[in-house]
Amino acid sequence: MLSTLADLNHFDEVIDVRTPLEFAIDHIPGAINAPVLSNEERVIVGTLYKQDPFAATKLGAGLVASNIGLHLATTFKDKPRNWKPLIYCWRGGKRSGSMATCLNLIGWKAGQLQGGYKTYRTDVLLKLAALPAASRFIVLAGRTGCGKTRLLTALAQAGAQTLDLEGLAQHRGSVLGASPSSTQPSQKLFDSLLTRQLAQFDPNRPVFVEAESKRIGLVHLPASLMLAIRAADCIQIEASVDDRIRFLCDDYRHLFNDPANFKSKLARLVEMHGKAVLAHWNALIDAGKDIELSSELIHKHYDPAYKRSSQHNYLRMEQARTLTIDPSGDLSHSAQQLLHELGECH
């Protein structure tokens with residue numbers, strides 16, 4: 001049964017039968033990976049195909065059959081009689097067709113995504129170009145350490161619509177911003193996650209988002225999204241220097257606990273600040289002086305960078321209202337205050 005992306009919600013589960021490597025680069029959000037060829041097997045079959053297509057097809061069929069059998073004994077072992085999965089591969093060809101045929105012969109109502117991943121990727125790019133214009137964004141702007149991310153989280157907990165770009169990118173956006181517990185998604189996977197999030201927003205309600213540059217770590221924001229948020233209303237978030245230092249100490253706790261990693265990241269700033277400043281910062285790390293180092297990073301690196309930043313390209317920044325955050329707890333009071341001022345309390 002050939003199916004389209006419009007049919008996604010009619011299935012119980014989405015199965016990506018491409019290799020683990022293909023799946024890691026990008027996949028339909030929520031899909032599980034049940035490869036019919038491993039990374040190595042796909043290379044072997046592809047190499048042989050250039051020499052002898054018939055032999056490669058025969059070898060590939062045997063490997064696919066064996067792997068499908070393994071999934072039936074493990075991945076799909078406990079699936080109920082009325083299970084209805086959607087299967088896809090790269091182009092909607094032999095790999096997904098083999099799996100769908102086998103599952104249908106068993107008695108499950110398996111669908112095969114017409115055009116496979118390539119059709120899905122084309123759909124993502126089309127939606128990325130169009131969806132940002134459908135949302136009314138409100139940008140949270142402010143200097144590093146002022147609590148923007150914490151406020152965004154508090155707004156989400158209060159029921160507001162939020163777009164956590166740094167969360168999707170698994171990166172805080174600065175030279176020290178890499179997540180300690182996960183790696184960044186590929187650009188294509190980031191696009192997929194972003195598209196899914198944008199598609200869920202109610203266009204009649206605002207969407208809160210942090211001010212960002214075009215790049216967060218290694219991933220780039222689509223031009224359509226940058227246009228939308230740079231034309232949006234802005235909220236200027238302010239916090240005392242002491243609160244900003246405390247927030248920075250908390251945010252970088254994993255770095256203070258890993259001095260060698262911290263120093264390697266700071267080393268990228270040597271051309272900007274010079275060897276003497278970097279040596280001083282390294283000495284502060286060795287001495288465990290997190291407050292002093294956070295203060296110097298704010299005054300010597302982050303605040304000067306903010307003055308030069310692309311955040312000044314936000315068209316409505318001069319008209320931004322100011323919100324001085326309440327640093328206590330999880331910023332729920334500040335979030336409620338902002339929603340009340342905007343008439344968004346429910």
# chains A, B, ... in the order shown; residues from 1 in each chain; ligands from 1

call {"tool": "closest_atom_pairs", "arguments": {"of": "range 19-58 of chain A", "to": "range 190-195 of chain A", "cutoff": "10 Å", "atoms": "only C-alpha atoms", "output": "tab-separated table"}}
result
residue	atom	partner	partner_atom	distance
A:Ile25	CA	A:Phe190	CA	9.6
A:Asp26	CA	A:Ser192	CA	7.5
A:His27	CA	A:Ser192	CA	7.5
A:Ile28	CA	A:Ser192	CA	7.0
A:Pro29	CA	A:Leu193	CA	6.7
A:Gly30	CA	A:Leu193	CA	9.9

call {"tool": "write_last_selection", "arguments": {"atoms": "N, CA, C and O atoms", "output": "short mmCIF file (atom, residue, chain, number, x, y, z; two decimals), in the first residue's frame"}}
result
data_model
loop_
_atom_site.label_atom_id
_atom_site.label_comp_id
_atom_site.auth_asym_id
_atom_site.auth_seq_id
_atom_site.Cartn_x
_atom_site.Cartn_y
_atom_site.Cartn_z
N ILE A 25 21.84 10.84 10.43
CA ILE A 25 21.93 12.13 9.74
C ILE A 25 20.59 12.85 9.75
O ILE A 25 20.51 14.04 10.01
N ASP A 26 19.52 12.11 9.49
CA ASP A 26 18.18 12.70 9.53
C ASP A 26 17.15 11.60 9.39
O ASP A 26 17.40 10.55 8.79
N HIS A 27 15.97 11.85 9.95
CA HIS A 27 14.86 10.91 9.83
C HIS A 27 13.57 11.64 10.20
O HIS A 27 13.60 12.74 10.76
N ILE A 28 12.47 11.05 9.87
CA ILE A 28 11.18 11.61 10.27
C ILE A 28 11.12 11.57 11.80
O ILE A 28 11.32 10.50 12.39
N PRO A 29 10.88 12.70 12.47
CA PRO A 29 10.82 12.70 13.93
C PRO A 29 9.82 11.67 14.45
O PRO A 29 8.69 11.57 13.97
N GLY A 30 10.26 10.89 15.42
CA GLY A 30 9.42 9.86 16.01
C GLY A 30 9.61 8.50 15.37
O GLY A 30 9.15 7.49 15.93
#

call {"tool": "residues_around", "arguments": {"residues": "range 240-247 of chain A", "least_positions_apart": "4", "cutoff": "10 Å", "atoms": "only C-alpha atoms", "output": "list in words"}}
result
Arg143, Thr144, Gly145, Cys146, Gly147, Arg150, Asp251, Tyr252, Arg253, Asp290, Ile291, Glu292, Leu293, Ser294, Ser295, Glu296, Leu297, Ile298, His299, Thr324, Ile325, Asp326, Pro327 and Ser328 of chain A

call {"tool": "atom_distance", "arguments": {"atom1": "CA of Leu165 in chain A", "atom2": "CA of Val270 in chain A"}}
result
28.0 Å

call {"tool": "select_by_dssp", "arguments": {"residues": "range 57-194 of chain A", "states": "helix (DSSP H, G or I)", "output": "PyMOL selection string"}}
result
chain A and resi 57-73+94-106+116-134+148-157+165-169+187-194

call {"tool": "residues_around", "arguments": {"residues": "range 101-111 of chain A", "least_positions_apart": "6", "cutoff": "10 Å", "atoms": "only C-alpha atoms", "output": "list in words"}}
result
Met1, Leu2, Ser3, Thr4, Asp7, Leu8, His10, Phe11, Asp12, Glu13, Val14, Ile15, Ala65, Ile68, Gly69, Leu72, Phe76, Lys79, Pro80, Arg81, Asn82, Trp83, Lys84, Pro85, Leu86, Ile87 and Tyr88 of chain A

call {"tool": "residues_around", "arguments": {"residues": "Ser174 in chain A", "least_positions_apart": "3", "cutoff": "9 Å", "atoms": "only C-alpha atoms", "output": "PyMOL selection string"}}
result
chain A and resi 171+177-178+216-217

call {"tool": "write_last_selection", "arguments": {"atoms": "N, CA and C atoms", "output": "JSON list (two decimals), in the first residue's frame"}}
result
[["chain", "number", "residue", "atom", "x", "y", "z"],
["A", 171, "HIS", "N", 22.84, 23.30, 21.90],
["A", 171, "HIS", "CA", 23.99, 24.21, 22.00],
["A", 171, "HIS", "C", 23.48, 25.57, 22.47],
["A", 177, "GLY", "N", 29.25, 27.04, 24.54],
["A", 177, "GLY", "CA", 27.86, 26.63, 24.61],
["A", 177, "GLY", "C", 27.55, 25.19, 24.30],
["A", 178, "ALA", "N", 28.55, 24.34, 24.01],
["A", 178, "ALA", "CA", 28.26, 22.95, 23.67],
["A", 178, "ALA", "C", 27.64, 22.23, 24.86],
["A", 216, "ILE", "N", 23.87, 28.52, 15.41],
["A", 216, "ILE", "CA", 23.93, 28.05, 16.79],
["A", 216, "ILE", "C", 24.87, 26.84, 16.79],
["A", 217, "GLY", "N", 26.09, 27.05, 17.25],
["A", 217, "GLY", "CA", 27.07, 25.98, 17.14],
["A", 217, "GLY", "C", 27.36, 25.70, 15.68]]

call {"tool": "closest_residue", "arguments": {"among": "A:Ala232, A:Leu151, A:Leu37, A:Val43", "to": "Gln319 in chain A", "atoms": "only C-alpha atoms"}}
result
A:Ala232

call {"tool": "atom_distance", "arguments": {"atom1": "CA of Ser264 in chain A", "atom2": "CA of Cys249 in chain A"}}
result
17.8 Å

call {"tool": "select_by_dssp", "arguments": {"residues": "range 197-338 of chain A", "states": "strand (DSSP E or B)", "output": "count of residues only"}}
result
19

call {"tool": "atom_distance", "arguments": {"atom1": "CA of Arg196 in chain A", "atom2": "CA of Glu344 in chain A"}}
result
23.6 Å

call {"tool": "residues_around", "arguments": {"residues": "Gln336 in chain A", "least_positions_apart": "3", "cutoff": "8 Å", "atoms": "only C-alpha atoms", "output": "count of residues only"}}
result
7

call {"tool": "closest_residue", "arguments": {"among": "A:Leu284, A:Gly142, A:Gln187, A:Gln197", "to": "Ala320 in chain A", "atoms": "only C-alpha atoms"}}
result
A:Gly142

call {"tool": "closest_residue", "arguments": {"among": "A:Lys214, A:Lys263, A:His273, A:Lys50", "to": "Ser309 in chain A", "atoms": "only C-alpha atoms"}}
result
A:Lys214

call {"tool": "decode", "arguments": {"residues": "range 101-129 of chain A", "atoms": "C-alpha atoms", "output": "PDB file, in the first residue's frame"}}
result
ATOM      1  CA  THR A 101       5.714  -6.810   1.575  1.00  0.00           C
ATOM      2  CA  CYS A 102       6.929  -9.130   4.321  1.00  0.00           C
ATOM      3  CA  LEU A 103       4.885  -7.418   7.022  1.00  0.00           C
ATOM      4  CA  ASN A 104       1.759  -7.436   4.875  1.00  0.00           C
ATOM      5  CA  LEU A 105       2.196 -11.164   4.143  1.00  0.00           C
ATOM      6  CA  ILE A 106       2.217 -11.764   7.883  1.00  0.00           C
ATOM      7  CA  GLY A 107      -1.097  -9.921   8.209  1.00  0.00           C
ATOM      8  CA  TRP A 108      -0.127  -6.435   9.391  1.00  0.00           C
ATOM      9  CA  LYS A 109      -1.417  -3.434   7.397  1.00  0.00           C
ATOM     10  CA  ALA A 110       1.949  -1.936   6.462  1.00  0.00           C
ATOM     11  CA  GLY A 111       2.182   1.132   4.248  1.00  0.00           C
ATOM     12  CA  GLN A 112       5.147   2.197   2.121  1.00  0.00           C
ATOM     13  CA  LEU A 113       5.983   5.904   1.907  1.00  0.00           C
ATOM     14  CA  GLN A 114       5.895   6.935  -1.718  1.00  0.00           C
ATOM     15  CA  GLY A 115       9.172   8.638  -2.652  1.00  0.00           C
ATOM     16  CA  GLY A 116      10.714   7.705   0.693  1.00  0.00           C
ATOM     17  CA  TYR A 117      13.022  10.025   2.617  1.00  0.00           C
ATOM     18  CA  LYS A 118      13.728  12.175  -0.451  1.00  0.00           C
ATOM     19  CA  THR A 119      10.058  13.168  -0.630  1.00  0.00           C
ATOM     20  CA  TYR A 120      10.069  13.880   3.104  1.00  0.00           C
ATOM     21  CA  ARG A 121      13.187  16.069   2.855  1.00  0.00           C
ATOM     22  CA  THR A 122      11.656  18.092   0.007  1.00  0.00           C
ATOM     23  CA  ASP A 123       8.559  18.625   2.142  1.00  0.00           C
ATOM     24  CA  VAL A 124      10.696  19.825   5.080  1.00  0.00           C
ATOM     25  CA  LEU A 125      12.442  22.439   2.948  1.00  0.00           C
ATOM     26  CA  LEU A 126       9.135  23.715   1.566  1.00  0.00           C
ATOM     27  CA  LYS A 127       7.667  23.997   5.060  1.00  0.00           C
ATOM     28  CA  LEU A 128      10.773  25.699   6.446  1.00  0.00           C
ATOM     29  CA  ALA A 129      10.385  28.398   3.822  1.00  0.00           C
TER      30      ALA A 129
END
